[in-house]
Amino acid sequence: MSSGGFASQNGAGGSYTNGPSQNPVGVYPSNQSFMAPPLPGYMNSLPTKGPPPAGPSCYSGNRHQPSPVGTPGALPASPSHRMGPPQASATPPPPSSYSQHPQQPSSWSGVTPAPAGNHVSPAPYASGTSTPPVFQNTMQPPAALQHAPPALNVMAPHQPYGPPPAFGPPAAMRGTPPPPVPPPTAVPPPPLAPHSEAGLYLAQPAQMNRPTGSSYPSLQPAYHSPPAPAPQQQQHYPQPSVSAAQLSPSLAAMSLQSQPPEALRVVNLLQERSLLPAGAVTPPAPCLPQDLQKLNCSPEVFRCTLTSIPQTQSLLNKAKLPLGLLLHPFKDLSQLPVVTSSNIVRCRSCRTYINPFVSFVDARRWKCNLCHRVNDVPEEFMYNPVSRSYGAPHKRPEVQNATIEFIAPSEYMLRPPQPAVYLFVLDVSHNAVETGYLDVVCQSLLDNLDSLPGDTRTKIGFITFDSTIHFYNLQEGLSQPQMLIVSDIDDVFLPTPDSLLVNLNECRELVQDLLASLPQMFSRTMETQSGLGPALQAAFKLLSPTGGRMSVFQTQLPTVGIGALKPREEPNQRAPAKDVQNLSPATDFYKKLALDCSGHHVAVDLFLLSAQYCDLSSLGCISRYSAGSVYFYPSYHKQHNPSQTERFQKDLKRYLTRKIGFEAVMRIRCTKGLSMHTFHGNFFVRSTDLLSLANVNPDAGFAVQMSIEENLLDLQVVSFQAALLYTSSKGERRIRVHTLCLPVVNSLSDIFAGADVQAITALLASMAVDRSVTASLGDARDALINAAIDTLASYRSSVLSVQQPGLLAPACLRLFPLYILALLKHKAFRTSAGTRLDERVFAMCQLKCQPLAYLMLMVHPSLYRVDNLSDEGALNVSDRTIPQPRALQLSVEKLNRDAAFLMDCGTVMYLWIGRNCNPVFLTQVLGVDSYAAVPLNMNQLPELDTAESSRIRALIDWLRERRPFHPVLHIIRDESPLKADFMQNMIEDLSESALSYYEFLLHLQQQICK
Ligand SMILES: [Zn+2]
């Protein structure tokens, strides 16, 4: 690291804005580092830039219509007002108060008579439907069951069919038959517990009959006085249990005092070198009563940088920690409760979906946990389809699961849900054909044609392009596909608009014919030009009437027509001292087209396969603003680079077969007082909290920064809710809702104790990407370093009561400086020579879009010794034994010439073989008899019938299964060309252009003690 890298310290960095190339949510000046709060009122100065209204095809709130996911402030008088008049005539409510989905035998389709221990059907669709399980395309291993969000396992095994629980409804209600429901007068309001301050009780799980007199002194109204045992609690209904509104503000502090606060254990980083835990770094659990925490959203789906929310912005400013949420909203889940209901219960004021963290004022009214409005419980919500009992709305699945999916009724649609539509746009210039990628794409499509998500309405189409654009007429009845060439790329038109996108079922043979012949059709082409821009315009014209997914394959810089680009990477720019030019787009053509696409529910996914500079910072805009994905295969060549080909093939299979949601919008809400500003990820921001996602895929992550606009003084907990409304590939309108609940605290030590170091790192990484583009790479690097300095300085001055020498951090943040250093050495932000501009830009894209778990591996790889794997402490997953070696520090000093090490960097793995590696390992695992015999370009482990071979292959397979993309394995030794890449990940070591970890710590200490 050059000394200049630290030039401007402590807030001398440039302003942090959501700059011109970012999604324009709000632009506010800040002369400090990342943590400066936005100016008050910035929410009102939102630019109104946006895609043109999509007319009747648009689901969401153009023209300020209440959107389907709801608009705060809208107060619809009835459900039919939510979306304006529905296009399809609304189905009258069925006579039964609890409607059934036409295909569902049971109203709550996720619930089938389940074996003990499994209350939720593993298949989200109930039996009796012809619809295959939602997660047919998941690559999740069976082991994923073990990682199922705890929130989905909240109901007792037999509870749905058992008698009412001991503390359930009063005797008067127990005999109440299921619907048809009795008139309301038949159900007397339940008596309120006399000692329940506000008469509140929280929606509680079946386990609400936990022992009273538990460890929460705040249960009692007079929480400031010694808690009295409350045996009388058992005599009343509803049982006053831990209500969100009743927790003591100091609950977190109290529970911390009662246990040794490991999170706050003081660590002197200069002395304690072994900071990595033996296993994975686990997210901190919010300091909530067990009952609430049990219901909370899985951290794999929804995480906050601070698991204890500061009461005020000034407290947050003091902590110098960033506040934000990280989401993986469409993640493949092994279990997902699905509810069909004609009336989805939402707050009438802020449109929040009813969730486990609302409180029931009485059996007929619930209080919103976001805006605090008291709402009526609709009559049909009184019936619980799980237990088939009446009168316990707090036991409904909606109030028992922090992650749940609804099949939406017609008021959530303005037009019939669109079919699955897939359009492939393929570069067939000489350069493209030469790489051989076309064979892989066509073969992969042929292999997976039956696995494309969709139904009988699925449509497909193809466009190829070089300097001209080629369409393919695939209409039923033709004897073979017809190629139609449009050479006027300045004014692109569709030659036969009705026969270019065809029904896959009806025209399957023609599609197969085309895929079989495409690679040969251009094999002799001498055409070197690329008219990508006009091809994209043509593709947009083709897709805009329906919406859908556009998959674009490009192998070179676009050279002709609109959107043509010029090389901007000078060879000498690959070794910048501090700043990198050309991180922002050269033209706004791709962004503008992306916004048009977004407005018509078209997402563009870009596959870039190139050895040359392609200007990803310009091209990437097409995916970024249309909610697409970007894939990058530098130096792709089918023959010369087999490992890239392997990765491309595996990625394509996942891409073609993974779940997809069309015409989606996501709204993120939070408790009044908190406000969201800058969003990160691929989408278009339609209004303050509404993200437009033309497509949503299960591998996309999002982040959002927050500030505290009004003090949260009266609140003990706050909640966050993400609602994703989408059309499934089977044409159903669905809403997936995630709700996260976190405690509010009023002391700095509590804030620090709840810090989630990985979430903080990921959010800072996204912020630094923005800063690199809007200001400079140097500014972004300074801001990252300042984040570490400011946080540790605040901890030292405001939390530590006894001053000690050294660089001190609370245990929960002990990895923070290491992660910051890892970011500084990451391809996105490093200053060392040899980083190609496109590779840097792609690394930045990944930091903004990868879900947290995968992102952390890319930032801080895992290193394991693997020549001595044993079954000790191994996992057992589906009869496979998976060794669990300890993660090692990323330092050459951990390597040993007598051993072999596996480094897992997320998208790539290295197996490094030491020069004197045990010969047993060489023969039993690699199948060679000496070190010198290890091939220089080895990418596969042979399947040898030895225990050593099985163990290491089991470990690598298991690591691969746990992510949606395919990491390539490189087996390397000292002479291998990739050894330098491997060594570059030794983050703790000194390198040519960057400090060692120890030097970095000394630098931080020096700045803090200044
Ligand atoms: Zn509300």
# chains A, B, ... in the order shown; residues from 1 in each chain; ligands from 1

$ residues_near_ligand --ligand "ligand 1" --cutoff "10 Å" --atoms "only C-alpha atoms and all ligand atoms" --output "list of chain:residue names"
A:Pro72, A:Gly73, A:Arg346, A:Cys347, A:Arg348, A:Ser349, A:Cys350, A:Arg351, A:Thr352, A:Tyr353, A:Ile354, A:Val358, A:Lys367, A:Cys368, A:Asn369, A:Leu370, A:Cys371, A:His372, A:Arg373, A:Val374, A:Asn375, A:Arg669, A:Cys670, A:Thr671, A:Lys672

$ write_last_selection --atoms "N, CA, C and O atoms" --output "compact mmCIF listing (two decimals), in the first residue's frame"
# COMPACT_ATOMS: atom_id res chain seq x y z
N PRO A 72 -47.20 3.90 1.78
CA PRO A 72 -47.48 4.49 3.08
C PRO A 72 -48.34 5.73 2.89
O PRO A 72 -48.14 6.48 1.95
N GLY A 73 -49.23 5.89 3.77
CA GLY A 73 -50.06 7.08 3.69
C GLY A 73 -51.37 6.81 2.97
O GLY A 73 -52.34 7.48 3.22
N ARG A 346 -53.40 -6.62 6.11
CA ARG A 346 -52.35 -5.60 6.12
C ARG A 346 -52.83 -4.39 6.91
O ARG A 346 -54.02 -4.17 7.07
N CYS A 347 -51.86 -3.62 7.38
CA CYS A 347 -52.20 -2.41 8.13
C CYS A 347 -52.91 -1.44 7.19
O CYS A 347 -52.46 -1.18 6.07
N ARG A 348 -54.01 -0.88 7.66
CA ARG A 348 -54.77 0.02 6.81
C ARG A 348 -54.04 1.34 6.60
O ARG A 348 -54.30 2.06 5.64
N SER A 349 -53.11 1.63 7.47
CA SER A 349 -52.41 2.90 7.35
C SER A 349 -51.13 2.78 6.52
O SER A 349 -50.96 3.49 5.55
N CYS A 350 -50.25 1.88 6.89
CA CYS A 350 -48.95 1.84 6.21
C CYS A 350 -48.80 0.63 5.31
O CYS A 350 -47.76 0.47 4.67
N ARG A 351 -49.81 -0.22 5.24
CA ARG A 351 -49.85 -1.37 4.34
C ARG A 351 -48.87 -2.49 4.71
O ARG A 351 -48.57 -3.36 3.91
N THR A 352 -48.37 -2.45 5.91
CA THR A 352 -47.53 -3.54 6.39
C THR A 352 -48.34 -4.84 6.44
O THR A 352 -49.52 -4.82 6.80
N TYR A 353 -47.70 -5.93 6.08
CA TYR A 353 -48.36 -7.23 6.17
C TYR A 353 -48.34 -7.69 7.62
O TYR A 353 -47.34 -7.50 8.32
N ILE A 354 -49.42 -8.29 8.07
CA ILE A 354 -49.44 -8.79 9.45
C ILE A 354 -48.30 -9.79 9.59
O ILE A 354 -47.97 -10.52 8.65
N VAL A 358 -46.39 -8.08 15.36
CA VAL A 358 -47.50 -7.17 15.68
C VAL A 358 -48.00 -7.56 17.08
O VAL A 358 -47.67 -8.63 17.59
N LYS A 367 -52.22 -4.35 16.54
CA LYS A 367 -51.52 -3.08 16.42
C LYS A 367 -50.30 -3.27 15.52
O LYS A 367 -49.49 -4.17 15.73
N CYS A 368 -50.21 -2.40 14.54
CA CYS A 368 -49.12 -2.48 13.56
C CYS A 368 -47.79 -2.20 14.24
O CYS A 368 -47.67 -1.25 15.02
N ASN A 369 -46.80 -3.01 13.94
CA ASN A 369 -45.49 -2.79 14.57
C ASN A 369 -44.63 -1.79 13.80
O ASN A 369 -43.53 -1.48 14.22
N LEU A 370 -45.14 -1.28 12.68
CA LEU A 370 -44.37 -0.28 11.95
C LEU A 370 -44.90 1.13 12.18
O LEU A 370 -44.15 2.04 12.45
N CYS A 371 -46.24 1.28 12.10
CA CYS A 371 -46.78 2.64 12.29
C CYS A 371 -47.62 2.75 13.56
O CYS A 371 -48.08 3.83 13.90
N HIS A 372 -47.87 1.65 14.24
CA HIS A 372 -48.57 1.60 15.52
C HIS A 372 -50.07 1.82 15.43
O HIS A 372 -50.74 2.01 16.43
N ARG A 373 -50.61 1.80 14.23
CA ARG A 373 -52.06 1.93 14.10
C ARG A 373 -52.73 0.64 14.59
O ARG A 373 -52.23 -0.46 14.36
N VAL A 374 -53.88 0.81 15.21
CA VAL A 374 -54.65 -0.36 15.63
C VAL A 374 -55.62 -0.72 14.51
O VAL A 374 -56.36 0.14 14.02
N ASN A 375 -55.58 -1.96 14.07
CA ASN A 375 -56.41 -2.44 12.96
C ASN A 375 -57.36 -3.53 13.44
O ASN A 375 -57.07 -4.23 14.41
N ARG A 669 -40.10 -1.73 4.18
CA ARG A 669 -40.67 -0.80 5.15
C ARG A 669 -39.94 -0.94 6.48
O ARG A 669 -39.40 -1.99 6.78
N CYS A 670 -39.97 0.12 7.26
CA CYS A 670 -39.40 0.01 8.60
C CYS A 670 -40.24 0.82 9.57
O CYS A 670 -41.06 1.66 9.16
N THR A 671 -40.04 0.55 10.84
CA THR A 671 -40.82 1.22 11.88
C THR A 671 -40.64 2.73 11.77
O THR A 671 -39.55 3.22 11.47
N LYS A 672 -41.72 3.42 12.02
CA LYS A 672 -41.74 4.87 11.96
C LYS A 672 -40.60 5.44 12.80
O LYS A 672 -40.39 5.02 13.94

$ residues_around --residues "Gln1005 of chain A" --least-positions-apart "4" --cutoff "12 Å" --atoms "only C-alpha atoms" --output "list in words"
Asn268, Leu269, Leu270, Ile785, Asn786, Ala788, Ile789, Asp790, Thr791, Leu792, Ala793, Arg796, Pro805, Gly806, Leu807, Leu808, Ala809, Pro817, Tyr998, Glu999, Phe1000, Leu1001, Cys1009 and Lys1010 of chain A

$ atom_distance --atom1 "atom CA of Ala887 of chain A" --atom2 "atom CA of Tyr795 of chain A"
27.9 Å

$ closest_residue --among "A:Leu336, A:Ala402, A:Leu316, A:Ala432" --to "Pro356 of chain A" --atoms "only C-alpha atoms"
A:Ala402

$ closest_atom_pairs --of "segment 564-666 of chain A" --to "segment 846-856 of chain A" --cutoff "12 Å" --atoms "only C-alpha atoms" --output "CSV"
residue,atom,partner,partner_atom,distance
A:Gly620,CA,A:Gln846,CA,11.5
A:Ser623,CA,A:Cys849,CA,11.3
A:Arg624,CA,A:Cys849,CA,9.4
A:Ala627,CA,A:Cys849,CA,10.1
A:Gly628,CA,A:Cys849,CA,10.1
A:Ser629,CA,A:Cys849,CA,8.4
A:Val630,CA,A:Gln846,CA,8.5
A:Tyr631,CA,A:Gln846,CA,9.5
A:Phe632,CA,A:Gln846,CA,10.4

$ closest_residue --among "A:Asp974, A:Glu948, A:Glu476, A:Glu732" --to "Ala408 of chain A" --atoms "only C-alpha atoms"
A:Glu732

$ closest_residue --among "A:Ala280, A:Ile485, A:Val425, A:Cys597" --to "Ser551 of chain A" --atoms "only C-alpha atoms"
A:Val425

$ closest_residue --among "A:Val859, A:Ala420, A:Leu264, A:Val773" --to "Gly661 of chain A" --atoms "only C-alpha atoms"
A:Ala420

$ atom_distance --atom1 "atom CA of Gln1007 of chain A" --atom2 "atom CA of Leu823 of chain A"
19.2 Å

$ closest_residue --among "A:Met844, A:Leu557, A:Val745, A:Ile971" --to "Met767 of chain A" --atoms "only C-alpha atoms"
A:Met844
